[in-house]
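Before any comments, here is the structure.
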There are 2 protein chains.
Amino acid sequence: MPDATNLLDLNYIASRLEGLEETIISKLIDRAQFCVNEICYEAGKSGFTGEPSRSLFDLRMHYHEQMDALFGRFCAPEERPFTRNLPEPQREVVLLETKLQIDDLESVNFAGPIRTQYRKLIKQICRPGDDGQYGSSVEHDVYAIQAISRRIHYGAFYIAECKFRGDPDTYRSAIDARDIEKIEKMVTRKEVEDRIIDRVCQKTRETQKGVNREIRQVIEPDVIVQFYRDTVIPLTKQGEIVYLLHRRKTDDPSEPITRTTWKFKW
Amino acid sequence: MPDATNLLDLNYIASRLEGLEETIISKLIDRAQFCVNEICYEAGKSGFTGEPSRSLFDLRMHYHEQMDALFGRFCAPEERPFTRNLPEPQREVVLLETKLQIDDLESVNFAGPIRTQYRKLIKQICRPGDDGQYGSSVEHDVYAIQAISRRIHYGAFYIAECKFRGDPDTYRSAIDARDIEKIEKMVTRKEVEDRIIDRVCQKTRETQKGVNREIRQVIEPDVIVQFYRDTVIPLTKQGEIVYLLHRRKTDDPSEPITRTTWKFKW
């Protein structure tokens, strides 16, 4: 954990994003040990007392995020919630300036599309059918989707702010003109994207190399590659654009501190 | 997930135990990305409002298990809770006979020693010191310790029942005589233990092979080997002995069903 002075160092950000790759891969592998279990995602089929409408997945997500909220998870910019009506943190928090320049972290919340894409991913990584292990399935869904969301939002906030600071005038004029096409071009680094995809492919292969395939379900590296290419990278980039469009007009350091200028050490 | 008929098949049990190795290793690697953060385990230092005595780890464990209890986790024999005063499940449960012959699953609960040994393990896998990331640390503690506990209790219940059925008369006389030394000798399979330890060593190495050590904290295979040798295997064996000592005198299949004869598909 760096101090506030290097939170916006591009090497530090890149290393955090790289470190999150193993986390995403291992959590997806854990989920893949259970069947698709489609019923977990069907509204009104949770089997919960007094819950006529939500799915088991929705319920697990909500209960988990209620707990996380008490512990302060959502004070961290990269931890954006999937559910609403969450309680306030019950912990004293250690605050560190994030140096992000945005008034409401929730302006950059991609929970909706992440959820949609994750649901499709389940069908690609898990054996089809139903093994009855619904509790375990949704438990691991929450861990996996939170790891994916953390990666996307972390990139969206910090890479965008970092890039902005590298060329503030050009970004400022593109932002003022609401020139989304130009902003998108500016935040795109094709060679970095290719490097990430290669790395993720290799990690997925190497992590599972020694695995006994008779016992453990294996995820094909191509599936993760495709997920990074079609979901993680584009959503991070969209997140960067949304962040930049919501970025404050003035970076006044004496500005009264809002939640969004704090770094909660979750 | 097998049907009830092969839950006590030794090959099936061995394969489940083997499959849990990757889960334990990957969850320990996740925890190892944060410092020891000793304060998380100190009573009264959670920073939680209205919580003068519990540690942050204890609180996270308790909140997590409260949620898990609602979802029915602790109906499964291998899922023994670390905390008390948990609510009843709020879900309809799909029940499957476990064929275990014990009246109270909680007779075989090794949460105490698992917790003690896990606390020692943290110091061996994590960098020393404090990085302020307390929320993440205890979150990953819960995932890791639950995976370890599942492996130990799963082995304790099912391997013991399976071994008993392989030689019921000899086991019955040793149990009746409370001859713990003899039971211990009977449940010990040195060559199986050695094979497990070799496999765990290799998996820990292979899983982390492609990792960028500048970014990710790596766990030395020896640490996991030692943990399996000094904790996982001995506690599983102690669990088997305790299970056998509490095993019902008569295996009457027409016996009224208690919680303990059910398999909750968690």
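Letters A, B, ... go to the chains of the structure tokens in the order shown; residues in each chain start at 1; ligands are counted from 1 in the same order.
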
Would you tabulate, counting only C-alpha atoms, all residues of stretch 11-42 of chain B that have an atom at most 12 Å from an atom of stretch 15-28 of chain A, showing the closest pair of atoms and their distance in Å to one decimal, sorted by chain then ascending number, as CSV?
residue,atom,partner,partner_atom,distance
B:Glu22,CA,A:Ser26,CA,9.2
B:Thr23,CA,A:Ser26,CA,8.5
B:Ile24,CA,A:Ser26,CA,11.0
B:Ile25,CA,A:Ser26,CA,10.0
B:Ser26,CA,A:Ser26,CA,6.5
B:Lys27,CA,A:Ser26,CA,8.5
B:Leu28,CA,A:Thr23,CA,11.3
B:Ile29,CA,A:Thr23,CA,9.0
B:Asp30,CA,A:Thr23,CA,6.8
B:Arg31,CA,A:Thr23,CA,10.4
B:Ala32,CA,A:Thr23,CA,11.6
B:Gln33,CA,A:Gly19,CA,8.9
B:Phe34,CA,A:Gly19,CA,11.8

Should the cut-off be 7 Å, what would the residue list for chain B against chain A look like, counting only C-alpha atoms, as an mmCIF file with C-alpha atoms, in the first residue's frame?
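Result file result.cif:
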data_model
loop_
_atom_site.group_PDB
_atom_site.id
_atom_site.type_symbol
_atom_site.label_atom_id
_atom_site.label_comp_id
_atom_site.auth_asym_id
_atom_site.auth_seq_id
_atom_site.Cartn_x
_atom_site.Cartn_y
_atom_site.Cartn_z
ATOM 1 C CA MET B 1 -22.365 -34.029 -6.774
ATOM 2 C CA SER B 15 -11.246 -36.719 -5.037
ATOM 3 C CA GLY B 19 -10.092 -30.806 -5.208
ATOM 4 C CA THR B 23 -9.105 -23.941 -3.114
ATOM 5 C CA SER B 26 -5.544 -20.068 -3.840
ATOM 6 C CA ASP B 30 -5.082 -14.153 -1.819
ATOM 7 C CA GLY B 47 -12.791 0.311 15.283
ATOM 8 C CA PHE B 48 -16.431 -0.814 15.193
ATOM 9 C CA THR B 49 -19.033 1.344 16.864
ATOM 10 C CA TYR B 63 -21.121 -11.333 10.397
ATOM 11 C CA MET B 67 -25.195 -14.601 6.609
ATOM 12 C CA PHE B 71 -28.327 -19.491 3.532
ATOM 13 C CA GLN B 90 -34.140 -19.095 5.880
ATOM 14 C CA ARG B 91 -34.027 -21.281 2.811
ATOM 15 C CA GLU B 92 -35.919 -24.372 1.872
ATOM 16 C CA ASP B 131 -0.405 -1.935 5.290
ATOM 17 C CA GLY B 132 -3.656 -0.553 6.647
ATOM 18 C CA GLN B 133 -5.752 -2.917 4.527
ATOM 19 C CA TYR B 134 -7.643 -4.416 7.419
ATOM 20 C CA GLY B 135 -10.979 -4.962 5.705
ATOM 21 C CA SER B 136 -9.418 -6.940 2.858
ATOM 22 C CA LYS B 203 0.486 -27.590 -6.589
ATOM 23 C CA GLU B 206 2.947 -24.807 -10.056
ATOM 24 C CA THR B 207 0.091 -22.438 -9.267
ATOM 25 C CA GLN B 208 2.525 -19.610 -8.666
ATOM 26 C CA LYS B 209 5.004 -20.399 -11.407
ATOM 27 C CA GLY B 210 4.145 -17.596 -13.805
ATOM 28 C CA ILE B 215 3.898 -7.534 -7.665
ATOM 29 C CA ARG B 216 2.556 -10.649 -6.005
ATOM 30 C CA LYS B 265 -26.749 -29.172 -0.703
ATOM 31 C CA TRP B 266 -24.968 -26.025 0.343
#

Counting only C-alpha atoms, which residues in stretch 125-156 of chain A sit no more than 9 Å from stretch 100-120 of chain A? For each one, give the nearest pair of atoms and the distance in Å, sorted by chain then residue number, as a tab-separated table.
residue	atom	partner	partner_atom	distance
A:Asp141	CA	A:Tyr118	CA	8.8
A:Ala144	CA	A:Tyr118	CA	8.9
A:Ile145	CA	A:Tyr118	CA	7.0
A:Ile148	CA	A:Ile114	CA	7.8
A:Ser149	CA	A:Ile114	CA	6.9
A:Ile152	CA	A:Phe110	CA	8.3
A:His153	CA	A:Asn109	CA	7.5
A:Ala156	CA	A:Val108	CA	7.9

Can you provide chain B as a tab-separated table (two decimals) with C-alpha atoms, in the first residue's frame, superposed onto chain A by least squares across all C-alpha atoms matched in order?
chain	number	residue	atom	x	y	z
B	1	MET	CA	-0.02	0.05	0.03
B	2	PRO	CA	1.60	3.27	-1.07
B	3	ASP	CA	1.16	6.58	0.63
B	4	ALA	CA	-0.98	9.21	-1.05
B	5	THR	CA	1.93	10.55	-3.03
B	6	ASN	CA	2.23	7.61	-5.40
B	7	LEU	CA	-1.38	6.45	-5.68
B	8	LEU	CA	-1.36	8.08	-9.08
B	9	ASP	CA	1.92	6.62	-10.21
B	10	LEU	CA	1.19	4.74	-13.45
B	11	ASN	CA	3.57	1.90	-12.61
B	12	TYR	CA	1.89	1.40	-9.26
B	13	ILE	CA	-1.56	1.37	-10.90
B	14	ALA	CA	-0.43	-1.07	-13.59
B	15	SER	CA	1.04	-3.38	-10.97
B	16	ARG	CA	-2.19	-3.36	-8.96
B	17	LEU	CA	-4.18	-4.20	-12.08
B	18	GLU	CA	-1.75	-6.97	-12.92
B	19	GLY	CA	-1.97	-8.36	-9.40
B	20	LEU	CA	-5.75	-8.49	-9.64
B	21	GLU	CA	-5.54	-10.82	-12.64
B	22	GLU	CA	-4.57	-13.82	-10.50
B	23	THR	CA	-7.39	-12.99	-8.12
B	24	ILE	CA	-9.98	-12.91	-10.90
B	25	ILE	CA	-8.68	-16.12	-12.46
B	26	SER	CA	-8.59	-18.05	-9.20
B	27	LYS	CA	-12.08	-16.94	-8.20
B	28	LEU	CA	-13.49	-17.93	-11.58
B	29	ILE	CA	-11.81	-21.33	-11.26
B	30	ASP	CA	-13.48	-21.74	-7.86
B	31	ARG	CA	-16.91	-20.95	-9.34
B	32	ALA	CA	-16.26	-23.32	-12.23
B	33	GLN	CA	-16.17	-26.26	-9.84
B	34	PHE	CA	-19.97	-26.11	-9.71
B	35	CYS	CA	-22.49	-26.50	-12.53
B	36	VAL	CA	-24.21	-23.52	-14.15
B	37	ASN	CA	-27.18	-24.03	-11.79
B	38	GLU	CA	-29.44	-21.70	-13.72
B	39	ILE	CA	-32.12	-21.70	-11.04
B	40	CYS	CA	-29.84	-19.59	-8.82
B	41	TYR	CA	-30.44	-16.66	-11.18
B	42	GLU	CA	-34.18	-17.07	-11.60
B	43	ALA	CA	-36.35	-14.51	-9.87
B	44	GLY	CA	-38.57	-15.90	-7.16
B	45	LYS	CA	-36.80	-19.28	-7.01
B	46	SER	CA	-34.44	-18.59	-4.13
B	47	GLY	CA	-36.34	-20.81	-1.72
B	48	PHE	CA	-35.98	-18.03	0.87
B	49	THR	CA	-38.80	-17.46	3.31
B	50	GLY	CA	-40.59	-14.20	2.59
B	51	GLU	CA	-38.67	-13.57	-0.63
B	52	PRO	CA	-41.12	-13.91	-3.48
B	53	SER	CA	-39.20	-12.03	-6.12
B	54	ARG	CA	-35.41	-12.01	-5.82
B	55	SER	CA	-33.16	-14.77	-7.12
B	56	LEU	CA	-30.75	-16.62	-4.82
B	57	PHE	CA	-27.86	-14.80	-6.49
B	58	ASP	CA	-29.51	-11.42	-5.88
B	59	LEU	CA	-30.12	-12.29	-2.25
B	60	ARG	CA	-26.57	-13.47	-1.64
B	61	MET	CA	-25.23	-10.34	-3.30
B	62	HIS	CA	-27.45	-8.15	-1.16
B	63	TYR	CA	-26.65	-9.86	2.14
B	64	HIS	CA	-22.95	-9.85	1.32
B	65	GLU	CA	-22.92	-6.18	0.40
B	66	GLN	CA	-24.85	-5.25	3.52
B	67	MET	CA	-22.08	-6.84	5.56
B	68	ASP	CA	-19.39	-5.28	3.40
B	69	ALA	CA	-21.01	-1.86	3.78
B	70	LEU	CA	-20.83	-2.13	7.58
B	71	PHE	CA	-17.12	-2.87	7.25
B	72	GLY	CA	-16.66	0.14	4.97
B	73	ARG	CA	-15.88	-1.53	1.65
B	74	PHE	CA	-17.72	1.01	-0.48
B	75	CYS	CA	-15.74	3.95	0.80
B	76	ALA	CA	-12.98	2.77	-1.56
B	77	PRO	CA	-13.48	4.17	-5.07
B	78	GLU	CA	-12.79	0.83	-6.76
B	79	GLU	CA	-15.42	-0.97	-4.68
B	80	ARG	CA	-18.71	0.01	-6.31
B	81	PRO	CA	-21.78	-1.82	-5.00
B	82	PHE	CA	-24.13	-4.01	-7.04
B	83	THR	CA	-27.10	-3.44	-4.76
B	84	ARG	CA	-28.86	-0.44	-3.18
B	85	ASN	CA	-30.06	0.62	0.26
B	86	LEU	CA	-26.82	-0.31	1.97
B	87	PRO	CA	-26.07	0.73	5.55
B	88	GLU	CA	-23.43	3.24	6.57
B	89	PRO	CA	-20.02	1.93	7.70
B	90	GLN	CA	-19.82	1.02	11.38
B	91	ARG	CA	-16.06	1.25	11.50
B	92	GLU	CA	-13.76	4.13	12.13
B	93	VAL	CA	-12.02	4.66	8.85
B	94	VAL	CA	-8.43	5.51	8.05
B	95	LEU	CA	-8.62	8.05	5.32
B	96	LEU	CA	-6.07	8.76	2.67
B	97	GLU	CA	-6.53	11.21	-0.15
B	98	THR	CA	-7.16	9.44	-3.43
B	99	LYS	CA	-6.44	12.57	-5.44
B	100	LEU	CA	-9.37	11.65	-7.63
B	101	GLN	CA	-11.34	14.68	-8.79
B	102	ILE	CA	-14.93	13.57	-8.81
B	103	ASP	CA	-17.84	14.54	-6.60
B	104	ASP	CA	-19.77	11.30	-6.59
B	105	LEU	CA	-18.04	7.95	-6.97
B	106	GLU	CA	-21.35	6.42	-7.99
B	107	SER	CA	-21.22	8.39	-11.25
B	108	VAL	CA	-18.83	5.64	-12.31
B	109	ASN	CA	-20.69	2.46	-11.40
B	110	PHE	CA	-20.66	-0.28	-14.03
B	111	ALA	CA	-22.32	-2.92	-11.86
B	112	GLY	CA	-25.14	-3.38	-14.40
B	113	PRO	CA	-23.07	-4.33	-17.45
B	114	ILE	CA	-20.58	-6.29	-15.31
B	115	ARG	CA	-23.44	-8.37	-13.97
B	116	THR	CA	-24.84	-9.01	-17.46
B	117	GLN	CA	-21.48	-10.07	-18.85
B	118	TYR	CA	-20.64	-12.18	-15.80
B	119	ARG	CA	-23.90	-14.10	-16.20
B	120	LYS	CA	-22.87	-14.99	-19.75
B	121	LEU	CA	-19.40	-15.98	-18.57
B	122	ILE	CA	-20.80	-18.53	-16.09
B	123	LYS	CA	-22.18	-20.55	-18.99
B	124	GLN	CA	-18.74	-20.63	-20.58
B	125	ILE	CA	-16.72	-21.67	-17.54
B	126	CYS	CA	-19.09	-24.06	-15.75
B	127	ARG	CA	-20.36	-27.46	-16.73
B	128	PRO	CA	-23.97	-27.22	-17.90
B	129	GLY	CA	-26.77	-28.51	-15.76
B	130	ASP	CA	-27.65	-28.59	-12.10
B	131	ASP	CA	-25.67	-30.17	-9.26
B	132	GLY	CA	-27.86	-28.82	-6.49
B	133	GLN	CA	-24.99	-26.84	-4.95
B	134	TYR	CA	-26.74	-23.51	-5.07
B	135	GLY	CA	-25.33	-22.00	-1.90
B	136	SER	CA	-21.73	-22.62	-2.97
B	137	SER	CA	-22.43	-21.38	-6.49
B	138	VAL	CA	-23.75	-17.98	-5.46
B	139	GLU	CA	-21.13	-17.65	-2.72
B	140	HIS	CA	-18.40	-17.97	-5.34
B	141	ASP	CA	-20.32	-15.77	-7.77
B	142	VAL	CA	-20.07	-12.93	-5.27
B	143	TYR	CA	-16.31	-13.38	-4.81
B	144	ALA	CA	-15.68	-13.55	-8.55
B	145	ILE	CA	-17.91	-10.67	-9.58
B	146	GLN	CA	-16.48	-8.44	-6.85
B	147	ALA	CA	-12.94	-9.15	-8.07
B	148	ILE	CA	-13.93	-8.32	-11.66
B	149	SER	CA	-15.69	-5.14	-10.58
B	150	ARG	CA	-12.71	-4.05	-8.48
B	151	ARG	CA	-10.40	-4.40	-11.48
B	152	ILE	CA	-12.69	-2.46	-13.80
B	153	HIS	CA	-13.43	0.38	-11.40
B	154	TYR	CA	-9.87	0.65	-10.15
B	155	GLY	CA	-8.74	1.07	-13.73
B	156	ALA	CA	-11.56	3.48	-14.56
B	157	PHE	CA	-10.78	5.89	-11.74
B	158	TYR	CA	-7.04	5.80	-11.38
B	159	ILE	CA	-5.86	5.25	-14.93
B	160	ALA	CA	-8.14	8.03	-16.14
B	161	GLU	CA	-6.94	10.50	-13.51
B	162	CYS	CA	-3.37	9.54	-14.23
B	163	LYS	CA	-3.78	9.99	-17.99
B	164	PHE	CA	-5.53	13.32	-17.46
B	165	ARG	CA	-2.61	14.58	-15.44
B	166	GLY	CA	-0.24	13.57	-18.21
B	167	ASP	CA	-1.92	15.93	-20.69
B	168	PRO	CA	-4.43	18.11	-18.86
B	169	ASP	CA	-5.00	20.74	-21.54
B	170	THR	CA	-5.87	18.34	-24.35
B	171	TYR	CA	-8.10	16.31	-22.04
B	172	ARG	CA	-9.76	19.45	-20.70
B	173	SER	CA	-10.69	20.68	-24.16
B	174	ALA	CA	-12.00	17.25	-25.26
B	175	ILE	CA	-14.02	16.99	-22.03
B	176	ASP	CA	-15.42	20.50	-22.38
B	177	ALA	CA	-16.43	19.72	-25.95
B	178	ARG	CA	-18.03	16.43	-24.79
B	179	ASP	CA	-16.00	14.83	-27.58
B	180	ILE	CA	-16.36	11.22	-26.47
B	181	GLU	CA	-14.74	9.84	-29.60
B	182	LYS	CA	-11.64	11.90	-28.99
B	183	ILE	CA	-11.49	10.98	-25.29
B	184	GLU	CA	-11.83	7.34	-26.21
B	185	LYS	CA	-8.97	7.62	-28.66
B	186	MET	CA	-6.84	9.37	-26.06
B	187	VAL	CA	-7.35	6.74	-23.35
B	188	THR	CA	-6.79	3.79	-25.71
B	189	ARG	CA	-3.38	2.10	-25.60
B	190	LYS	CA	-3.64	-0.82	-27.95
B	191	GLU	CA	-0.19	-2.23	-27.10
B	192	VAL	CA	-1.00	-2.23	-23.37
B	193	GLU	CA	-4.28	-4.03	-24.04
B	194	ASP	CA	-2.52	-6.68	-26.11
B	195	ARG	CA	0.06	-7.21	-23.39
B	196	ILE	CA	-2.63	-7.66	-20.76
B	197	ILE	CA	-4.48	-10.19	-22.90
B	198	ASP	CA	-1.33	-12.22	-23.54
B	199	ARG	CA	-0.48	-12.22	-19.86
B	200	VAL	CA	-3.95	-13.28	-18.77
B	201	CYS	CA	-3.93	-16.13	-21.27
B	202	GLN	CA	-0.60	-17.38	-19.99
B	203	LYS	CA	-1.62	-17.08	-16.33
B	204	THR	CA	-4.84	-19.01	-16.87
B	205	ARG	CA	-2.86	-21.80	-18.49
B	206	GLU	CA	-0.05	-21.89	-15.94
B	207	THR	CA	-2.27	-21.71	-12.86
B	208	GLN	CA	-4.10	-24.84	-13.93
B	209	LYS	CA	-1.16	-26.78	-15.31
B	210	GLY	CA	-0.79	-29.34	-12.54
B	211	VAL	CA	-4.50	-29.86	-12.08
B	212	ASN	CA	-6.11	-33.29	-12.11
B	213	ARG	CA	-8.74	-32.80	-14.79
B	214	GLU	CA	-10.75	-35.76	-13.62
B	215	ILE	CA	-11.45	-33.91	-10.40
B	216	ARG	CA	-11.23	-30.22	-11.20
B	217	GLN	CA	-13.09	-28.38	-13.89
B	218	VAL	CA	-10.58	-26.41	-15.95
B	219	ILE	CA	-11.20	-23.04	-17.60
B	220	GLU	CA	-9.90	-22.71	-21.12
B	221	PRO	CA	-7.54	-19.72	-21.42
B	222	ASP	CA	-9.45	-18.55	-24.51
B	223	VAL	CA	-12.54	-17.95	-22.43
B	224	ILE	CA	-10.69	-15.61	-20.09
B	225	VAL	CA	-8.97	-13.92	-23.03
B	226	GLN	CA	-12.33	-13.26	-24.64
B	227	PHE	CA	-13.77	-11.98	-21.37
B	228	TYR	CA	-10.90	-9.55	-20.95
B	229	ARG	CA	-11.11	-8.47	-24.59
B	230	ASP	CA	-14.90	-8.05	-24.76
B	231	THR	CA	-15.72	-7.03	-21.20
B	232	VAL	CA	-12.93	-6.09	-18.79
B	233	ILE	CA	-10.95	-3.85	-21.09
B	234	PRO	CA	-13.90	-2.13	-22.84
B	235	LEU	CA	-15.73	-1.52	-19.55
B	236	THR	CA	-12.59	-0.14	-17.94
B	237	LYS	CA	-12.23	2.20	-20.89
B	238	GLN	CA	-15.87	3.25	-20.74
B	239	GLY	CA	-15.36	3.83	-17.05
B	240	GLU	CA	-12.38	6.07	-17.77
B	241	ILE	CA	-14.49	8.10	-20.19
B	242	VAL	CA	-17.34	8.46	-17.71
B	243	TYR	CA	-14.89	9.45	-15.00
B	244	LEU	CA	-13.36	12.11	-17.23
B	245	LEU	CA	-16.78	13.46	-18.21
B	246	HIS	CA	-17.63	13.80	-14.51
B	247	ARG	CA	-14.26	15.14	-13.53
B	248	ARG	CA	-14.33	18.40	-11.58
B	249	LYS	CA	-13.72	21.59	-13.50
B	250	THR	CA	-11.14	22.80	-11.00
B	251	ASP	CA	-8.61	20.77	-9.05
B	252	ASP	CA	-8.63	22.92	-6.02
B	253	PRO	CA	-6.64	21.12	-3.32
B	254	SER	CA	-8.16	23.36	-0.68
B	255	GLU	CA	-11.61	22.26	-1.77
B	256	PRO	CA	-13.68	20.91	1.12
B	257	ILE	CA	-13.07	17.18	1.43
B	258	THR	CA	-15.91	15.00	0.23
B	259	ARG	CA	-16.19	11.23	0.46
B	260	THR	CA	-14.72	11.02	-2.98
B	261	THR	CA	-11.42	12.60	-2.10
B	262	TRP	CA	-10.80	10.00	0.58
B	263	LYS	CA	-9.12	6.69	0.31
B	264	PHE	CA	-10.59	4.22	2.69
B	265	LYS	CA	-8.14	1.49	3.46
B	266	TRP	CA	-10.57	-1.33	2.91

Requested in this report: Going by DSSP on the backbone, which bits of stretch 17-102 of chain B are alpha helix (DSSP H)? Write them as number ranges by chain, please.
Outcome: B: 17-32, 56-70

Just write the chosen residues, C-alpha atoms, as a JSON list (two decimals), in the first residue's frame.
[["chain", "number", "residue", "atom", "x", "y", "z"],
["B", 17, "LEU", "CA", -10.35, -33.72, -0.63],
["B", 18, "GLU", "CA", -7.91, -33.40, -3.51],
["B", 19, "GLY", "CA", -10.09, -30.81, -5.21],
["B", 20, "LEU", "CA", -10.17, -28.73, -2.03],
["B", 21, "GLU", "CA", -6.38, -28.42, -2.08],
["B", 22, "GLU", "CA", -6.42, -25.89, -4.93],
["B", 23, "THR", "CA", -9.11, -23.94, -3.11],
["B", 24, "ILE", "CA", -7.08, -23.74, 0.10],
["B", 25, "ILE", "CA", -3.90, -22.78, -1.75],
["B", 26, "SER", "CA", -5.54, -20.07, -3.84],
["B", 27, "LYS", "CA", -7.31, -18.53, -0.85],
["B", 28, "LEU", "CA", -4.08, -18.46, 1.15],
["B", 29, "ILE", "CA", -2.33, -16.79, -1.78],
["B", 30, "ASP", "CA", -5.08, -14.15, -1.82],
["B", 31, "ARG", "CA", -4.60, -13.46, 1.90],
["B", 32, "ALA", "CA", -0.84, -13.32, 1.44],
["B", 56, "LEU", "CA", -12.01, -7.09, 13.54],
["B", 57, "PHE", "CA", -11.35, -10.69, 12.52],
["B", 58, "ASP", "CA", -13.87, -11.97, 15.08],
["B", 59, "LEU", "CA", -16.46, -9.50, 13.88],
["B", 60, "ARG", "CA", -15.99, -10.34, 10.22],
["B", 61, "MET", "CA", -16.21, -14.04, 11.03],
["B", 62, "HIS", "CA", -19.39, -13.50, 13.00],
["B", 63, "TYR", "CA", -21.12, -11.33, 10.40],
["B", 64, "HIS", "CA", -20.10, -13.72, 7.64],
["B", 65, "GLU", "CA", -21.35, -16.77, 9.49],
["B", 66, "GLN", "CA", -24.63, -15.08, 10.33],
["B", 67, "MET", "CA", -25.19, -14.60, 6.61],
["B", 68, "ASP", "CA", -24.02, -18.11, 5.83],
["B", 69, "ALA", "CA", -26.35, -19.53, 8.46],
["B", 70, "LEU", "CA", -29.35, -17.85, 6.80]]
